[in-house]
>>> print(open('model_38.pdb').read())   # PDB, C-alpha atoms
MODEL        1
ATOM      1  CA  MET A  31      20.175  -2.835  -2.588
ATOM      2  CA  ALA A  32      16.908  -3.052  -0.681
ATOM      3  CA  ARG A  33      14.167  -5.481  -1.685
ATOM      4  CA  LYS A  34      10.977  -4.086  -3.221
ATOM      5  CA  LEU A  35       7.838  -4.947  -1.284
ATOM      6  CA  ASP A  36       4.401  -5.562  -2.698
ATOM      7  CA  TYR A  37       1.149  -7.089  -1.509
ATOM      8  CA  ARG A  38      -1.802  -9.164  -2.631
ATOM      9  CA  TRP A  39      -5.358  -8.108  -1.773
ATOM     10  CA  HIS A  40      -7.663 -11.030  -0.904
ATOM     11  CA  LEU A  41     -10.925  -9.253   0.000
ATOM     12  CA  ARG A  42     -12.989 -11.000  -2.678
ATOM     13  CA  GLU A  43     -11.779 -14.460  -1.597
ATOM     14  CA  VAL A  44     -12.368 -13.765   2.102
ATOM     15  CA  MET A  45     -15.858 -12.427   1.340
ATOM     16  CA  ALA A  46     -16.657 -15.582  -0.656
ATOM     17  CA  SER A  47     -15.500 -17.796   2.209
ATOM     18  CA  HIS A  48     -18.079 -15.977   4.379
ATOM     19  CA  GLY A  49     -20.887 -16.411   1.854
ATOM     20  CA  MET A  50     -20.713 -12.834   0.565
ATOM     21  CA  PHE A  51     -20.653 -12.964  -3.234
ATOM     22  CA  ALA A  52     -21.992  -9.527  -4.225
ATOM     23  CA  THR A  53     -19.893  -6.433  -3.642
ATOM     24  CA  THR A  54     -23.000  -4.665  -2.341
ATOM     25  CA  ASP A  55     -23.093  -7.163   0.559
ATOM     26  CA  LEU A  56     -20.534  -4.914   2.269
ATOM     27  CA  ILE A  57     -22.454  -1.634   2.041
ATOM     28  CA  GLU A  58     -24.776  -2.184   5.017
ATOM     29  CA  PRO A  59     -22.198  -3.760   7.383
ATOM     30  CA  LEU A  60     -19.825  -0.865   6.650
ATOM     31  CA  ALA A  61     -22.618   1.668   7.237
ATOM     32  CA  ARG A  62     -23.375   0.091  10.634
ATOM     33  CA  ARG A  63     -19.760   0.836  11.544
ATOM     34  CA  GLY A  64     -20.017   4.469  10.439
ATOM     35  CA  ILE A  65     -18.427   4.068   7.015
ATOM     36  CA  ARG A  66     -20.577   5.327   4.143
ATOM     37  CA  LEU A  67     -19.315   4.222   0.736
ATOM     38  CA  SER A  68     -21.160   4.274  -2.565
ATOM     39  CA  SER A  69     -21.746   1.013  -4.399
ATOM     40  CA  SER A  70     -19.062   1.963  -6.949
ATOM     41  CA  GLN A  71     -16.542   2.668  -4.169
ATOM     42  CA  VAL A  72     -17.270  -0.711  -2.574
ATOM     43  CA  TYR A  73     -17.006  -2.382  -5.985
ATOM     44  CA  ARG A  74     -13.543  -0.869  -6.531
ATOM     45  CA  LEU A  75     -12.503  -1.845  -2.991
ATOM     46  CA  VAL A  76     -13.471  -5.475  -3.637
ATOM     47  CA  THR A  77     -12.341  -5.910  -7.241
ATOM     48  CA  ASP A  78      -9.210  -3.736  -7.372
ATOM     49  CA  ARG A  79      -6.119  -3.726  -5.238
ATOM     50  CA  PRO A  80      -6.293  -0.487  -3.224
ATOM     51  CA  GLU A  81      -3.254   1.767  -3.342
ATOM     52  CA  ARG A  82      -4.494   3.742  -0.325
ATOM     53  CA  LEU A  83      -6.796   2.381   2.353
ATOM     54  CA  SER A  84      -7.820   4.070   5.570
ATOM     55  CA  LEU A  85      -7.185   2.130   8.746
ATOM     56  CA  LYS A  86     -10.794   2.723   9.743
ATOM     57  CA  ILE A  87     -12.027   0.860   6.646
ATOM     58  CA  LEU A  88      -9.440  -1.889   7.134
ATOM     59  CA  MET A  89     -10.482  -2.397  10.764
ATOM     60  CA  ALA A  90     -14.157  -2.453   9.731
ATOM     61  CA  LEU A  91     -13.446  -5.134   7.102
ATOM     62  CA  ILE A  92     -11.562  -7.224   9.655
ATOM     63  CA  ASP A  93     -14.486  -6.898  12.065
ATOM     64  CA  ILE A  94     -17.157  -7.647   9.431
ATOM     65  CA  LEU A  95     -15.324 -10.680   8.073
ATOM     66  CA  ASP A  96     -14.007 -11.802  11.480
ATOM     67  CA  CYS A  97     -10.563 -12.479  10.068
ATOM     68  CA  PRO A  98      -6.981 -11.464  10.834
ATOM     69  CA  MET A  99      -5.381  -8.742   8.733
ATOM     70  CA  GLY A 100      -3.037 -11.311   7.171
ATOM     71  CA  GLU A 101      -5.982 -12.952   5.406
ATOM     72  CA  LEU A 102      -6.881  -9.695   3.623
ATOM     73  CA  ILE A 103      -3.378  -8.429   2.881
ATOM     74  CA  GLU A 104      -0.557 -10.780   1.946
ATOM     75  CA  PRO A 105       2.867  -9.123   1.835
ATOM     76  CA  VAL A 106       5.079 -10.397  -0.982
ATOM     77  CA  ALA A 107       8.492  -9.545  -2.350
ATOM     78  CA  ALA A 108       8.247  -7.920  -5.760
ATOM     79  CA  GLY A 109      10.472  -9.042  -8.597
ATOM     80  CA  GLY A 110      13.743  -7.148  -8.632
ATOM     81  CA  LEU A 111      15.431  -4.930  -6.123
ATOM     82  CA  ALA A 112      14.701  -1.368  -5.101
ATOM     83  CA  ARG A 113      17.306   1.160  -6.159
ATOM     84  CA  THR A 114      19.195   2.991  -3.454
ATOM     85  CA  ALA A 115      20.722   6.410  -3.901
ATOM     86  CA  LYS A 116      24.460   6.885  -4.328
ATOM     87  CA  THR A 117      26.467   9.677  -2.796
ATOM     88  CA  ALA A 118      28.787  11.891  -4.824
ATOM     89  CA  GLY A 119      31.656   9.523  -3.998
ATOM     90  CA  GLY A 120      29.747   6.559  -5.441
ATOM     91  CA  ALA A 121      28.949   4.783  -2.188
ATOM     92  CA  GLU A 122      25.383   3.569  -1.687
ATOM     93  CA  SER A 123      23.436   5.266   1.054
ATOM     94  CA  GLY A 124      19.980   6.069   2.264
ATOM     95  CA  VAL A 125      18.304   9.292   1.169
ATOM     96  CA  GLY A 126      18.879  10.852   4.602
ATOM     97  CA  GLU A 127      22.622  10.564   4.155
ATOM     98  CA  LEU A 128      22.805  12.494   0.853
ATOM     99  CA  ARG A 129      24.476  15.879   1.008
ATOM    100  CA  PRO A 130      25.138  18.341  -1.808
ATOM    101  CA  ARG A 131      28.717  18.871  -2.914
ATOM    102  CA  ARG A 132      30.248  22.257  -2.233
ATOM    103  CA  ALA A 133      30.787  24.350  -5.371
ATOM    104  CA  ARG A 134      34.338  25.336  -6.237
ATOM    105  CA  ILE A 135      34.960  28.817  -7.548
ATOM    106  CA  THR A 136      37.859  29.028  -9.966
ATOM    107  CA  GLY A 137      39.499  32.005 -11.592
ATOM    108  CA  ALA A 138      38.692  30.848 -15.141
ATOM    109  CA  GLY A 139      36.457  33.893 -15.850
ATOM    110  CA  LYS A 140      39.231  36.548 -15.368
TER     111      LYS A 140
ENDMDL
END
>>> encode(input="model_38.pdb", output="structure tokens")
Amino acid sequence: MARKLDYRWHLREVMASHGMFATTDLIEPLARRGIRLSSSQVYRLVTDRPERLSLKILMALIDILDCPMGELIEPVAAGGLARTAKTAGGAESGVGELRPRRARITGAGK
């Protein structure tokens, strides 16, 4: 089975290490880089772990905070293992290897 992957989001900690304690401290630096976010969007970006994040925003954060990507995003192994699909014969495989089984027509309806 494959391992599940997860991540930790450290934007608030990195901001604090740069003397930025209010979420609104990011609004103007992002705007100077062409990214216009509302104060509530910036708040969610700082306080919540984003499920989707554009690379443009990520690159702007790295530039603003002058830090490597690894300081903002820490990859971690999640508890447990990811489930892999099984073929009709019971062997584990990747999704790309799954094929439907051919139907058998029998004379039972005669």
>>> atom_distance(input="model_38.pdb", atom1="CA of Ser84 in chain A", atom2="CA of Ile65 in chain A")
10.7 Å
>>> atom_distance(input="model_38.pdb", atom1="CA of Pro59 in chain A", atom2="CA of Val44 in chain A")
15.0 Å
>>> axis_aligned_box(input="model_38.pdb", around="range 32-39 of chain A", padding_each_side="6 Å", output="lines of an AutoDock Vina configuration file")
center_x = 5.8
center_y = -6.1
center_z = -2.0
size_x = 34.3
size_y = 18.1
size_z = 14.5
>>> atom_distance(input="model_38.pdb", atom1="CA of Ala90 in chain A", atom2="CA of Ala107 in chain A")
26.6 Å
>>> resolve_selection(input="model_38.pdb", expression="the PyMOL selection byres ((chain A and resi 53) around 8)", output="number ranges by chain")
A: 50-52, 54-57, 69, 72-73, 76
>>> resolve_selection(input="model_38.pdb", expression="the PyMOL selection byres ((chain A and resi 79) around 10)", output="list in words")
Tyr37, Arg38, Trp39, His40, Leu41, Arg74, Leu75, Val76, Thr77, Asp78, Pro80, Glu81, Arg82, Leu83 and Ile103 of chain A
>>> closest_residue(input="model_38.pdb", among="A:Gly109, A:Arg132, A:Leu95, A:Gly137", to="Glu43 in chain A", atoms="all atoms listed in the file")
A:Leu95
>>> resolve_selection(input="model_38.pdb", expression="the PyMOL selection byres ((chain A and resi 63) around 10)", output="ChimeraX atom specification")
/A:58-62,64-66,86-87,89-91,93-94
>>> decode(input="model_38.pdb", residues="range 58-96 of chain A", atoms="N, CA and C atoms", output="compact mmCIF listing (two decimals), in the first residue's frame")
# COMPACT_ATOMS: atom_id res chain seq x y z
N GLU A 58 -0.98 44.66 1.42
CA GLU A 58 -0.23 45.59 0.57
C GLU A 58 0.94 44.92 -0.15
N PRO A 59 1.78 44.12 0.52
CA PRO A 59 2.86 43.45 -0.21
C PRO A 59 2.34 42.53 -1.32
N LEU A 60 1.21 41.86 -1.09
CA LEU A 60 0.63 41.04 -2.16
C LEU A 60 0.13 41.91 -3.31
N ALA A 61 -0.50 43.04 -2.98
CA ALA A 61 -1.01 43.94 -4.02
C ALA A 61 0.13 44.48 -4.88
N ARG A 62 1.28 44.77 -4.26
CA ARG A 62 2.43 45.26 -5.04
C ARG A 62 2.93 44.21 -6.02
N ARG A 63 2.60 42.97 -5.79
CA ARG A 63 3.00 41.88 -6.69
C ARG A 63 1.85 41.45 -7.59
N GLY A 64 0.80 42.26 -7.65
CA GLY A 64 -0.31 42.01 -8.56
C GLY A 64 -1.36 41.05 -8.04
N ILE A 65 -1.35 40.75 -6.76
CA ILE A 65 -2.32 39.83 -6.19
C ILE A 65 -3.24 40.60 -5.27
N ARG A 66 -4.51 40.71 -5.66
CA ARG A 66 -5.50 41.45 -4.89
C ARG A 66 -6.39 40.47 -4.14
N LEU A 67 -6.22 40.43 -2.83
CA LEU A 67 -7.05 39.58 -1.98
C LEU A 67 -7.74 40.45 -0.94
N SER A 68 -8.96 40.08 -0.59
CA SER A 68 -9.68 40.81 0.45
C SER A 68 -9.06 40.47 1.81
N SER A 69 -9.39 41.25 2.81
CA SER A 69 -8.84 40.99 4.14
C SER A 69 -9.31 39.63 4.67
N SER A 70 -10.54 39.23 4.33
CA SER A 70 -11.01 37.91 4.79
C SER A 70 -10.28 36.77 4.06
N GLN A 71 -9.96 36.96 2.79
CA GLN A 71 -9.20 35.95 2.07
C GLN A 71 -7.79 35.79 2.65
N VAL A 72 -7.16 36.93 2.96
CA VAL A 72 -5.82 36.88 3.56
C VAL A 72 -5.90 36.24 4.94
N TYR A 73 -6.93 36.56 5.70
CA TYR A 73 -7.11 35.98 7.03
C TYR A 73 -7.19 34.45 6.93
N ARG A 74 -8.00 33.95 5.99
CA ARG A 74 -8.13 32.50 5.82
C ARG A 74 -6.81 31.88 5.36
N LEU A 75 -6.07 32.59 4.50
CA LEU A 75 -4.79 32.09 4.02
C LEU A 75 -3.80 31.93 5.17
N VAL A 76 -3.83 32.88 6.11
CA VAL A 76 -2.89 32.86 7.23
C VAL A 76 -3.33 31.88 8.32
N THR A 77 -4.60 31.86 8.65
CA THR A 77 -5.05 31.09 9.81
C THR A 77 -5.44 29.66 9.49
N ASP A 78 -5.85 29.38 8.27
CA ASP A 78 -6.27 28.03 7.88
C ASP A 78 -5.22 27.40 6.97
N ARG A 79 -5.25 26.11 6.94
CA ARG A 79 -4.38 25.37 6.02
C ARG A 79 -5.06 25.33 4.65
N PRO A 80 -4.47 25.95 3.63
CA PRO A 80 -5.16 25.97 2.33
C PRO A 80 -5.18 24.59 1.67
N GLU A 81 -6.32 24.25 1.11
CA GLU A 81 -6.43 23.00 0.35
C GLU A 81 -5.97 23.22 -1.09
N ARG A 82 -6.22 24.42 -1.60
CA ARG A 82 -5.75 24.80 -2.94
C ARG A 82 -5.05 26.14 -2.81
N LEU A 83 -3.93 26.29 -3.49
CA LEU A 83 -3.16 27.52 -3.43
C LEU A 83 -2.51 27.72 -4.78
N SER A 84 -2.73 28.89 -5.38
CA SER A 84 -2.12 29.14 -6.68
C SER A 84 -0.62 29.32 -6.51
N LEU A 85 0.12 28.89 -7.52
CA LEU A 85 1.57 29.04 -7.48
C LEU A 85 1.97 30.50 -7.46
N LYS A 86 1.17 31.35 -8.08
CA LYS A 86 1.46 32.78 -8.09
C LYS A 86 1.43 33.35 -6.66
N ILE A 87 0.44 32.95 -5.88
CA ILE A 87 0.36 33.40 -4.48
C ILE A 87 1.51 32.81 -3.67
N LEU A 88 1.80 31.52 -3.88
CA LEU A 88 2.89 30.89 -3.16
C LEU A 88 4.22 31.59 -3.45
N MET A 89 4.48 31.88 -4.71
CA MET A 89 5.73 32.55 -5.08
C MET A 89 5.79 33.97 -4.49
N ALA A 90 4.63 34.64 -4.44
CA ALA A 90 4.59 35.98 -3.84
C ALA A 90 4.90 35.90 -2.35
N LEU A 91 4.35 34.92 -1.65
CA LEU A 91 4.62 34.76 -0.22
C LEU A 91 6.09 34.47 0.03
N ILE A 92 6.68 33.64 -0.80
CA ILE A 92 8.11 33.32 -0.67
C ILE A 92 8.94 34.58 -0.88
N ASP A 93 8.55 35.39 -1.84
CA ASP A 93 9.28 36.63 -2.12
C ASP A 93 9.10 37.65 -0.98
N ILE A 94 7.87 37.82 -0.51
CA ILE A 94 7.58 38.77 0.56
C ILE A 94 8.34 38.40 1.84
N LEU A 95 8.31 37.13 2.18
CA LEU A 95 8.89 36.67 3.43
C LEU A 95 10.35 36.25 3.29
N ASP A 96 10.87 36.29 2.07
CA ASP A 96 12.26 35.96 1.79
C ASP A 96 12.65 34.64 2.47
